[in-house]
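So this one's coords_12.txt, compact mmCIF, C-alpha atoms:
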# COMPACT_ATOMS: atom_id res chain seq x y z
CA MET Y 1382 236.54 163.05 232.65
CA VAL Y 1383 234.05 165.18 230.68
CA ALA Y 1384 235.66 167.88 228.52
CA PRO Y 1385 234.81 171.41 229.72
CA ALA Y 1386 232.38 173.50 227.72
CA CYS Y 1387 233.92 176.59 226.14
CA LEU Y 1388 231.05 177.93 224.01
CA LEU Y 1389 227.30 177.58 223.64
CA GLY Y 1390 226.13 178.10 220.07
CA ILE Y 1391 222.44 178.54 219.30
CA ASP Y 1392 220.76 178.42 215.91
CA TRP Y 1393 217.64 180.29 217.05
CA GLY Y 1394 215.14 180.11 214.24
CA THR Y 1395 211.54 181.23 213.98
CA SER Y 1396 209.98 177.96 215.16
CA ASN Y 1397 212.87 175.84 216.42
CA ARG Y 1398 216.02 176.23 218.49
CA ARG Y 1399 219.16 174.12 218.11
CA ALA Y 1400 221.94 174.39 220.67
CA TYR Y 1401 225.51 173.09 220.46
CA VAL Y 1402 228.03 172.89 223.29
CA ILE Y 1403 231.57 173.33 221.96
CA GLY Y 1404 234.75 172.16 223.70
CA ALA Y 1405 238.24 173.65 223.71
CA ASP Y 1406 239.28 171.66 220.62
CA GLY Y 1407 236.26 172.90 218.66
CA ALA Y 1408 234.42 169.59 218.87
CA CYS Y 1409 230.71 169.42 219.62
CA LEU Y 1410 230.23 167.96 223.09
CA ARG Y 1411 226.42 168.02 223.23
CA LYS Y 1412 223.48 168.97 221.05
CA HIS Y 1413 219.99 170.00 222.09
CA GLU Y 1414 216.93 170.78 219.98
CA ASP Y 1415 213.50 172.07 220.96
CA ALA Y 1416 210.52 174.03 219.65
CA LEU Y 1417 211.29 177.20 221.62
CA GLY Y 1418 211.95 179.32 218.54
CA ALA Y 1419 211.97 183.09 218.36
CA LEU Y 1420 208.17 183.32 218.19
CA ALA Y 1421 207.73 181.22 221.32
CA ALA Y 1422 210.53 183.01 223.20
CA GLN Y 1423 209.38 186.50 222.25
CA GLY Y 1424 209.67 188.86 225.21
CA HIS Y 1425 211.62 186.45 227.42
CA PHE Y 1426 214.78 185.49 225.53
CA ALA Y 1427 217.01 186.01 228.56
CA GLU Y 1428 214.88 183.65 230.64
CA ALA Y 1429 214.79 181.10 227.81
CA LEU Y 1430 218.58 181.18 227.58
CA GLN Y 1431 218.96 180.81 231.33
CA ALA Y 1432 216.67 177.78 231.33
CA LEU Y 1433 218.68 176.27 228.47
CA ARG Y 1434 221.94 176.80 230.39
CA GLN Y 1435 220.47 174.95 233.35
CA GLN Y 1436 219.19 172.15 231.16
CA LEU Y 1437 222.63 171.72 229.61
CA ASP Y 1438 224.39 172.20 232.98
CA LEU Y 1439 226.45 175.11 231.70
CA ASP Y 1440 228.18 177.70 233.83
CA ALA Y 1441 226.93 181.27 233.42
CA LEU Y 1442 230.43 182.29 232.31
CA VAL Y 1443 230.34 180.11 229.16
CA PRO Y 1444 229.98 182.59 226.26
CA VAL Y 1445 227.06 182.31 223.86
CA VAL Y 1446 226.95 182.91 220.10
CA MET Y 1447 223.49 182.99 218.51
CA SER Y 1448 222.39 183.14 214.88
CA GLY Y 1449 219.07 183.20 213.08
CA MET Y 1450 215.86 185.09 213.85
CA VAL Y 1451 217.10 185.92 217.34
CA GLY Y 1452 218.75 188.91 215.63
CA SER Y 1453 215.61 190.04 213.78
CA ALA Y 1454 213.11 192.74 214.72
CA GLN Y 1455 211.03 189.97 216.35
CA GLY Y 1456 214.07 188.52 218.14
CA TRP Y 1457 216.04 189.35 221.25
CA GLN Y 1458 217.90 192.28 219.73
CA GLU Y 1459 217.71 193.51 216.17
CA VAL Y 1460 221.08 193.33 214.44
CA ALA Y 1461 221.69 195.08 211.12
CA TYR Y 1462 222.37 192.93 208.08
CA LEU Y 1463 225.83 192.86 206.59
CA ASP Y 1464 226.16 193.79 202.94
CA SER Y 1465 226.79 190.78 200.73
CA SER Y 1466 230.16 192.26 199.75
CA VAL Y 1467 231.49 191.37 203.24
CA PRO Y 1468 233.36 188.03 202.94
CA LEU Y 1469 232.00 185.13 205.00
CA ALA Y 1470 235.43 184.78 206.62
CA ARG Y 1471 234.86 188.16 208.29
CA LEU Y 1472 231.77 187.00 210.17
CA PRO Y 1473 233.73 186.30 213.39
CA ASP Y 1474 234.80 189.95 213.42
CA THR Y 1475 231.22 191.21 213.13
CA LEU Y 1476 229.60 189.53 216.15
CA VAL Y 1477 227.29 191.95 217.96
CA PRO Y 1478 227.15 191.92 221.80
CA VAL Y 1479 223.68 191.55 223.30
CA SER Y 1480 222.84 194.57 225.42
CA GLY Y 1481 222.52 193.65 229.09
CA ALA Y 1482 223.69 190.06 228.55
CA ALA Y 1483 227.43 189.78 229.18
CA GLY Y 1484 229.21 187.17 227.06
CA CYS Y 1485 226.31 186.84 224.60
CA PHE Y 1486 226.73 187.66 220.90
CA ILE Y 1487 224.55 187.60 217.77
CA VAL Y 1488 225.76 186.78 214.25
CA PRO Y 1489 224.52 189.35 211.70
CA GLY Y 1490 222.68 188.08 208.65
CA TYR Y 1491 223.29 189.22 205.09
CA CYS Y 1492 221.44 191.51 202.71
CA TYR Y 1493 221.88 191.07 198.96
CA ARG Y 1494 220.93 193.75 196.42
CA GLU Y 1495 221.23 193.61 192.63
CA HIS Y 1496 219.48 195.58 189.89
CA GLY Y 1497 216.64 196.63 192.16
CA SER Y 1498 216.07 193.18 193.68
CA ILE Y 1499 216.70 192.51 197.36
CA ASP Y 1500 217.04 189.37 199.46
CA VAL Y 1501 218.13 188.55 203.01
CA MET Y 1502 219.23 185.66 205.20
CA ARG Y 1503 219.66 185.07 208.92
CA GLY Y 1504 221.25 181.87 210.18
CA GLU Y 1505 222.25 180.29 206.88
CA GLU Y 1506 225.38 182.47 206.74
CA THR Y 1507 226.78 180.56 209.72
CA GLN Y 1508 226.36 177.22 207.93
CA LEU Y 1509 227.93 178.68 204.80
CA LEU Y 1510 230.95 179.86 206.77
CA GLY Y 1511 231.24 176.39 208.27
CA ALA Y 1512 231.06 174.80 204.82
CA LEU Y 1513 233.94 176.99 203.65
CA LEU Y 1514 235.94 176.16 206.77
CA ARG Y 1515 235.40 172.49 205.97
CA GLN Y 1516 237.01 173.10 202.57
CA HIS Y 1517 233.92 172.93 200.36
CA GLY Y 1518 234.96 176.14 198.64
CA ASP Y 1519 233.23 178.41 196.16
CA GLY Y 1520 230.23 177.23 194.18
CA SER Y 1521 226.45 176.85 194.26
CA TYR Y 1522 224.84 176.15 197.62
CA VAL Y 1523 221.22 175.21 198.31
CA LEU Y 1524 219.85 175.30 201.85
CA PRO Y 1525 216.33 173.78 201.73
CA GLY Y 1526 213.82 174.65 204.41
CA THR Y 1527 210.81 176.80 205.15
CA HIS Y 1528 212.57 179.43 203.05
CA SER Y 1529 214.87 177.70 200.60
CA LYS Y 1530 218.10 179.61 199.93
CA TRP Y 1531 220.12 179.39 196.71
CA VAL Y 1532 223.51 181.00 197.20
CA GLU Y 1533 226.41 181.54 194.84
CA VAL Y 1534 229.74 181.88 196.67
CA SER Y 1535 232.65 183.41 194.77
CA ASP Y 1536 236.04 184.14 196.37
CA GLY Y 1537 234.46 183.42 199.76
CA THR Y 1538 231.79 186.09 199.23
CA ILE Y 1539 228.06 185.82 198.56
CA SER Y 1540 227.78 186.84 194.92
CA ARG Y 1541 224.11 185.93 194.56
CA LEU Y 1542 221.27 185.08 196.97
CA THR Y 1543 217.76 183.99 196.05
CA THR Y 1544 215.10 182.82 198.49
CA TYR Y 1545 212.03 180.71 197.65
CA ILE Y 1546 209.22 180.23 200.20
CA THR Y 1547 208.89 176.62 199.10
CA GLY Y 1548 208.49 174.99 202.52
CA GLU Y 1549 206.10 177.66 203.75
CA LEU Y 1550 203.97 177.43 200.61
CA TYR Y 1551 203.89 173.63 200.75
CA ALA Y 1552 202.69 173.75 204.36
CA ALA Y 1553 200.01 176.32 203.49
CA LEU Y 1554 198.75 174.23 200.57
CA ARG Y 1555 198.49 171.18 202.82
CA SER Y 1556 196.60 173.02 205.54
CA SER Y 1557 193.91 174.84 203.54
CA GLY Y 1558 192.56 175.41 200.05
CA THR Y 1559 191.45 173.15 197.22
CA LEU Y 1560 194.60 171.02 197.28
CA ALA Y 1561 194.55 170.35 201.04
CA GLY Y 1562 192.16 167.42 200.86
CA LEU Y 1563 194.21 165.74 198.14
CA MET Y 1564 197.47 166.29 200.06
CA ALA Y 1565 196.18 164.95 203.38
CA GLU Y 1566 197.42 161.43 202.76
CA GLY Y 1567 199.96 159.55 200.72
CA GLN Y 1568 203.48 158.22 201.10
CA ALA Y 1569 206.54 159.77 199.51
CA ASP Y 1570 206.37 158.88 195.84
CA ALA Y 1571 209.63 159.43 193.92
CA GLU Y 1572 207.96 159.00 190.53
CA ALA Y 1573 205.30 161.62 191.33
CA LEU Y 1574 207.98 163.94 192.71
CA ARG Y 1575 209.95 163.69 189.48
CA ALA Y 1576 206.78 164.17 187.41
CA GLY Y 1577 205.99 167.39 189.27
CA ALA Y 1578 209.55 168.66 188.95
CA ASN Y 1579 209.59 167.83 185.25
CA ARG Y 1580 206.28 169.69 184.75
CA ALA Y 1581 207.82 172.74 186.43
CA GLN Y 1582 210.54 172.91 183.76
CA SER Y 1583 207.96 174.27 181.30
CA ALA Y 1584 208.26 177.54 183.25
CA GLU Y 1585 204.49 178.03 183.11
CA ALA Y 1586 202.92 180.08 185.90
CA LEU Y 1587 203.04 178.21 189.21
CA SER Y 1588 199.48 179.30 189.96
CA HIS Y 1589 198.41 177.32 186.88
CA THR Y 1590 200.53 174.19 187.41
CA LEU Y 1591 199.35 174.00 191.03
CA PHE Y 1592 195.72 174.04 189.91
CA GLU Y 1593 196.63 171.43 187.33
CA ALA Y 1594 197.70 169.16 190.19
CA ARG Y 1595 194.07 169.11 191.27
CA ALA Y 1596 192.77 168.73 187.72
CA ARG Y 1597 194.97 165.65 187.26
CA VAL Y 1598 193.08 163.92 190.06
CA VAL Y 1599 189.51 165.00 189.36
CA ALA Y 1600 189.94 164.15 185.66
CA GLY Y 1601 191.28 160.71 186.50
CA GLY Y 1602 194.85 161.33 185.35
CA SER Y 1603 196.41 160.49 188.70
CA SER Y 1604 195.50 159.34 192.20
CA ALA Y 1605 195.03 161.60 195.19
CA GLY Y 1606 197.79 159.69 196.98
CA GLU Y 1607 200.35 161.02 194.50
CA THR Y 1608 199.43 164.66 194.99
CA ARG Y 1609 201.63 165.45 197.98
CA SER Y 1610 204.76 164.32 196.17
CA TYR Y 1611 203.65 165.80 192.86
CA VAL Y 1612 203.11 169.24 194.45
CA SER Y 1613 206.44 168.96 196.28
CA GLY Y 1614 208.06 168.25 192.92
CA LEU Y 1615 206.31 171.22 191.33
CA LEU Y 1616 207.54 173.60 194.03
CA ILE Y 1617 211.11 172.29 194.13
CA GLY Y 1618 211.23 172.00 190.35
CA THR Y 1619 210.20 175.65 190.07
CA GLU Y 1620 213.33 176.60 191.99
CA PHE Y 1621 215.47 174.62 189.57
CA ALA Y 1622 213.68 176.06 186.55
CA ALA Y 1623 214.49 179.57 187.80
CA ARG Y 1624 218.17 178.70 188.31
CA ARG Y 1625 218.64 176.64 185.15
CA ASP Y 1626 222.14 176.71 183.63
CA GLU Y 1627 223.57 178.87 186.43
CA ALA Y 1628 225.38 176.27 188.54
CA PRO Y 1629 229.06 175.97 187.53
CA ALA Y 1630 230.18 172.60 186.17
CA GLY Y 1631 232.46 170.38 188.22
CA ALA Y 1632 235.32 168.15 187.12
CA GLY Y 1633 232.90 165.73 185.46
CA GLY Y 1634 231.25 168.44 183.39
CA MET Y 1635 227.97 168.34 185.36
CA PRO Y 1636 226.74 171.38 187.30
CA VAL Y 1637 227.33 170.84 191.02
CA LEU Y 1638 225.05 171.76 193.92
CA HIS Y 1639 226.15 171.73 197.55
CA LEU Y 1640 223.12 170.79 199.66
CA ILE Y 1641 223.13 171.83 203.34
CA ALA Y 1642 220.22 170.46 205.39
CA SER Y 1643 218.97 167.34 207.11
CA HIS Y 1644 218.48 164.18 205.05
CA GLU Y 1645 214.70 164.65 205.22
CA LEU Y 1646 215.00 168.04 203.53
CA THR Y 1647 217.80 167.28 201.09
CA ALA Y 1648 216.39 163.95 199.80
CA PRO Y 1649 213.76 165.41 197.42
CA TYR Y 1650 216.14 168.15 196.26
CA ARG Y 1651 218.79 165.56 195.49
CA GLU Y 1652 216.25 163.46 193.59
CA VAL Y 1653 215.22 166.43 191.46
CA ALA Y 1654 218.80 167.63 190.99
CA GLN Y 1655 219.97 164.28 189.71
CA MET Y 1656 216.96 163.99 187.39
CA LEU Y 1657 217.88 167.37 185.89
CA GLY Y 1658 221.53 166.48 185.39
CA TYR Y 1659 223.19 167.99 188.44
CA ALA Y 1660 225.85 166.42 190.61
CA THR Y 1661 225.21 166.92 194.33
CA GLN Y 1662 227.44 167.18 197.36
CA LEU Y 1663 225.74 166.71 200.74
CA ILE Y 1664 227.02 168.77 203.66
CA ASP Y 1665 225.96 167.87 207.19
CA PRO Y 1666 224.31 171.00 208.67
CA ASP Y 1667 225.42 170.27 212.24
CA GLN Y 1668 229.06 169.76 211.23
CA ALA Y 1669 229.02 172.97 209.19
CA TYR Y 1670 227.44 174.95 212.03
CA CYS Y 1671 229.88 173.62 214.61
CA ALA Y 1672 232.85 174.40 212.38
CA ALA Y 1673 231.70 178.02 212.31
CA LEU Y 1674 231.17 178.02 216.08
CA ALA Y 1675 234.74 176.82 216.60
CA ARG Y 1676 235.93 179.79 214.55
CA PHE Y 1677 233.71 182.20 216.50
CA MET Y 1678 235.16 180.82 219.73
CA GLU Y 1679 238.61 181.98 218.62
CA ALA Y 1680 237.30 185.50 218.02
CA ILE Y 1681 235.60 186.23 221.35
Show me, as structure tokens, the structure contained in the file I just sent.
Amino acid sequence: MVAPACLLGIDWGTSNRRAYVIGADGACLRKHEDALGALAAQGHFAEALQALRQQLDLDALVPVVMSGMVGSAQGWQEVAYLDSSVPLARLPDTLVPVSGAAGCFIVPGYCYREHGSIDVMRGEETQLLGALLRQHGDGSYVLPGTHSKWVEVSDGTISRLTTYITGELYAALRSSGTLAGLMAEGQADAEALRAGANRAQSAEALSHTLFEARARVVAGGSSAGETRSYVSGLLIGTEFAARRDEAPAGAGGMPVLHLIASHELTAPYREVAQMLGYATQLIDPDQAYCAALARFMEAI
């Protein structure tokens, strides 16, 4: 007999949508992923949710908890950010009901302010809560993606948040501009990735080191096939250069980074981290998200 569904959780991002059906014991019963992100669903979120319910064969009474860009100004209903001083453990108490959609809730994102700087997140807070629920504890977290998030968690609270548009910039460089032709082809090259990341540690302007990636090829210093990985290393390495010496050391004396993302996204970050002397702990993003959903289910 199939276990009954008790909650539908949706990580509704800008371009993609991931849905998780949660059972009474908090376990994930089914997972669904598609390209119907917030941009594609704009103006018809209710209809998109109804179609998803039908696809997953879910009763209309099964409650829904959504995170990500669904709560942005371009989403279904804009939900105000929480201040970073609000502990992650309080997220279940801050769910916002969707107007006109009974049983549907949105998880607020977070806004971080310090010394005039400001940063925000939507969606990653749910994975961070799940990581804490799975006993990963305080420390340095990196969530690679279109917008890579570096988060310091202290006493269960976000004590620092920094976003880098690494994935977005990489995609833009591949699609147009002087580097696009060089980045069109080539397999993943770990040596070129490390070379780019190592070059980034000089802390020279990224606008210069990116042009240098082209100069390396036209001057005969490297092959075009290495450029994709070299540029990836430059961009990721720039993140590490900005955060140098800030990750707390673990039991072995090495700074530790908790990486939350798919293997495809975490692999180059792990390569660079290990090259620069970090220890890494991989956290499955689906398991973290579902752990948070199980906690949300108790609160609604």
Would you kindly return, as a PDB file with C-alpha atoms, in the coordinates of the input, each protein, DNA or RNA residue with an atom no farther than 12 Å from any atom of Ala1680 in chain Y, considering all atoms listed in the file and excluding same-chain residues fewer than 5 positions away?
ATOM      1  CA  LEU Y1388     231.050 177.930 224.010  1.00  0.00           C
ATOM      2  CA  PRO Y1444     229.980 182.590 226.260  1.00  0.00           C
ATOM      3  CA  VAL Y1446     226.950 182.910 220.100  1.00  0.00           C
ATOM      4  CA  ALA Y1470     235.430 184.780 206.620  1.00  0.00           C
ATOM      5  CA  ARG Y1471     234.860 188.160 208.290  1.00  0.00           C
ATOM      6  CA  LEU Y1472     231.770 187.000 210.170  1.00  0.00           C
ATOM      7  CA  PRO Y1473     233.730 186.300 213.390  1.00  0.00           C
ATOM      8  CA  ASP Y1474     234.800 189.950 213.420  1.00  0.00           C
ATOM      9  CA  THR Y1475     231.220 191.210 213.130  1.00  0.00           C
ATOM     10  CA  LEU Y1476     229.600 189.530 216.150  1.00  0.00           C
ATOM     11  CA  VAL Y1477     227.290 191.950 217.960  1.00  0.00           C
ATOM     12  CA  PHE Y1486     226.730 187.660 220.900  1.00  0.00           C
ATOM     13  CA  ALA Y1673     231.700 178.020 212.310  1.00  0.00           C
ATOM     14  CA  LEU Y1674     231.170 178.020 216.080  1.00  0.00           C
ATOM     15  CA  ALA Y1675     234.740 176.820 216.600  1.00  0.00           C
TER      16      ALA Y1675
END
**Fill in**
Among Y:Gln1668, Y:Gln1662, Y:Thr1527, Y:Ser1540, Ala1553 in chain Y is approached most closely, using all atoms listed in the file, by Y:Thr1527
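Across the structure, CA of Ala1422 in chain Y and CA of Trp1393 in chain Y are spaced 9.8 Å apart.
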**Request:** To one decimal in Å, tell me the separation between CA of Gly1407 in chain Y and CA of Asp1440 in chain Y.
**Result:**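 Interatomic distance, CA of Gly1407 in chain Y to CA of Asp1440 in chain Y: 17.8 Å.
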**Message:** Between CA of Ala1427 in chain Y and CA of Ser1480 in chain Y, what distance in Å does the model show, to one decimal?
**Reply:**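 The value is 10.8 Å.
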**Request:** Quick one: everything within 10 Å of Ala1429 in chain Y, counting all atoms listed in the file, minus sequence neighbours fewer than 6 positions away in the same chain. Send it as a VMD selection string.
**Result:** chain Y and resid 1417 to 1418 1421 to 1423
**Request:** Would you kindly identify which residues have an atom no farther than 12 Å from (205.7, 168.9, 186.6), using all atoms listed in the file and the file's own coordinates, and write them out as JSON, numbers by chain?
**Result:** {"Y": [1572, 1573, 1574, 1575, 1576, 1577, 1578, 1579, 1580, 1581, 1582, 1583, 1584, 1585, 1586, 1587, 1589, 1590, 1591, 1592, 1593, 1594, 1597, 1608, 1610, 1611, 1612, 1613, 1614, 1615, 1616, 1617, 1618, 1619, 1621, 1622, 1653]}
**Prompt:** Between Y:Cys1387, Y:Cys1671, Y:Ile1681, Y:Ile1546, which one has atoms that come closest to Tyr1401 in chain Y, using all atoms listed in the file?
**Reply:**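 Under the stated criterion, the closest residue is Y:Cys1671.
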**Item:** Minimum-distance residue to Ala1416 in chain Y, chosen among Y:Leu1657, Y:Ala1400, Y:Val1598, Y:Leu1510 (using only C-alpha atoms)
**Value:**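 The answer is Y:Ala1400, which sits nearest to Ala1416 in chain Y.
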Slice of the block: range 1507-1613 of chain Y, C-alpha atoms, as a compact mmCIF listing (two decimals), in the first residue's frame:
# COMPACT_ATOMS: atom_id res chain seq x y z
CA THR Y 1507 15.17 26.19 3.44
CA GLN Y 1508 18.20 24.04 2.57
CA LEU Y 1509 20.18 25.66 5.38
CA LEU Y 1510 17.43 24.85 7.88
CA GLY Y 1511 17.43 21.27 6.63
CA ALA Y 1512 21.21 21.07 7.01
CA LEU Y 1513 20.91 22.18 10.64
CA LEU Y 1514 18.11 19.69 11.25
CA ARG Y 1515 20.40 16.99 9.89
CA GLN Y 1516 22.96 17.95 12.55
CA HIS Y 1517 25.51 19.72 10.37
CA GLY Y 1518 25.60 22.62 12.80
CA ASP Y 1519 27.20 26.04 12.68
CA GLY Y 1520 29.94 26.84 10.21
CA SER Y 1521 30.64 27.98 6.65
CA TYR Y 1522 28.16 26.96 3.97
CA VAL Y 1523 28.51 27.37 0.21
CA LEU Y 1524 25.51 26.87 -2.07
CA PRO Y 1525 26.81 26.99 -5.67
CA GLY Y 1526 24.46 27.90 -8.48
CA THR Y 1527 23.41 30.72 -10.76
CA HIS Y 1528 23.95 32.95 -7.74
CA SER Y 1529 26.48 31.31 -5.46
CA LYS Y 1530 25.79 31.89 -1.75
CA TRP Y 1531 28.45 31.91 0.98
CA VAL Y 1532 26.80 31.80 4.39
CA GLU Y 1533 28.23 31.86 7.88
CA VAL Y 1534 25.91 30.25 10.43
CA SER Y 1535 26.53 31.01 14.11
CA ASP Y 1536 24.24 29.80 16.91
CA GLY Y 1537 21.74 28.75 14.24
CA THR Y 1538 21.56 32.27 12.81
CA ILE Y 1539 22.89 33.72 9.55
CA SER Y 1540 25.80 35.87 10.71
CA ARG Y 1541 27.09 36.65 7.22
CA LEU Y 1542 25.73 36.28 3.68
CA THR Y 1543 27.57 37.02 0.45
CA THR Y 1544 26.27 36.30 -3.05
CA TYR Y 1545 28.38 35.96 -6.21
CA ILE Y 1546 26.75 35.86 -9.66
CA THR Y 1547 29.24 33.22 -10.74
CA GLY Y 1548 26.88 30.90 -12.62
CA GLU Y 1549 25.09 33.77 -14.34
CA LEU Y 1550 28.36 35.40 -15.38
CA TYR Y 1551 29.78 32.11 -16.66
CA ALA Y 1552 26.67 31.55 -18.80
CA ALA Y 1553 26.86 35.11 -20.17
CA LEU Y 1554 30.54 34.72 -21.08
CA ARG Y 1555 29.78 31.49 -22.91
CA SER Y 1556 26.90 32.97 -24.88
CA SER Y 1557 28.41 36.23 -26.15
CA GLY Y 1558 31.54 38.36 -26.15
CA THR Y 1559 35.18 37.74 -26.99
CA LEU Y 1560 35.47 34.63 -24.81
CA ALA Y 1561 32.37 32.90 -26.19
CA GLY Y 1562 34.10 31.37 -29.19
CA LEU Y 1563 36.89 29.97 -27.03
CA MET Y 1564 34.41 28.54 -24.50
CA ALA Y 1565 32.17 26.86 -27.08
CA GLU Y 1566 33.94 23.52 -26.84
CA GLY Y 1567 36.13 21.54 -24.51
CA GLN Y 1568 35.75 18.87 -21.85
CA ALA Y 1569 36.06 19.50 -18.13
CA ASP Y 1570 39.75 19.95 -17.45
CA ALA Y 1571 40.72 19.74 -13.77
CA GLU Y 1572 44.22 21.09 -14.39
CA ALA Y 1573 42.88 24.16 -16.23
CA LEU Y 1574 40.26 24.66 -13.52
CA ARG Y 1575 42.95 24.68 -10.84
CA ALA Y 1576 45.13 27.00 -12.94
CA GLY Y 1577 42.29 29.51 -13.23
CA ALA Y 1578 41.48 29.29 -9.52
CA ASN Y 1579 45.15 29.73 -8.63
CA ARG Y 1580 45.39 32.80 -10.90
CA ALA Y 1581 42.39 34.29 -9.08
CA GLN Y 1582 44.28 34.20 -5.77
CA SER Y 1583 46.37 37.17 -6.95
CA ALA Y 1584 43.24 39.25 -6.26
CA GLU Y 1585 43.78 41.22 -9.47
CA ALA Y 1586 40.70 42.73 -11.10
CA LEU Y 1587 38.46 40.02 -12.56
CA SER Y 1588 37.93 42.15 -15.67
CA HIS Y 1589 41.67 41.83 -16.31
CA THR Y 1590 42.11 38.13 -15.52
CA LEU Y 1591 39.12 37.28 -17.73
CA PHE Y 1592 40.70 39.11 -20.67
CA GLU Y 1593 43.94 37.31 -19.86
CA ALA Y 1594 42.10 34.03 -20.44
CA ARG Y 1595 41.74 35.10 -24.07
CA ALA Y 1596 45.30 36.39 -24.29
CA ARG Y 1597 46.60 33.01 -23.11
CA VAL Y 1598 45.08 31.38 -26.18
CA VAL Y 1599 45.86 33.96 -28.87
CA ALA Y 1600 49.46 34.22 -27.63
CA GLY Y 1601 49.88 30.45 -27.72
CA GLY Y 1602 50.08 29.94 -23.96
CA SER Y 1603 47.15 27.53 -23.81
CA SER Y 1604 44.61 25.81 -26.04
CA ALA Y 1605 41.08 27.00 -26.67
CA GLY Y 1606 39.79 23.69 -25.30
CA GLU Y 1607 41.07 24.60 -21.84
CA THR Y 1608 39.31 27.96 -21.71
CA ARG Y 1609 35.94 26.82 -20.37
CA SER Y 1610 37.52 25.18 -17.35
CA TYR Y 1611 40.08 27.94 -16.90
CA VAL Y 1612 37.35 30.62 -16.81
CA SER Y 1613 35.27 28.48 -14.44
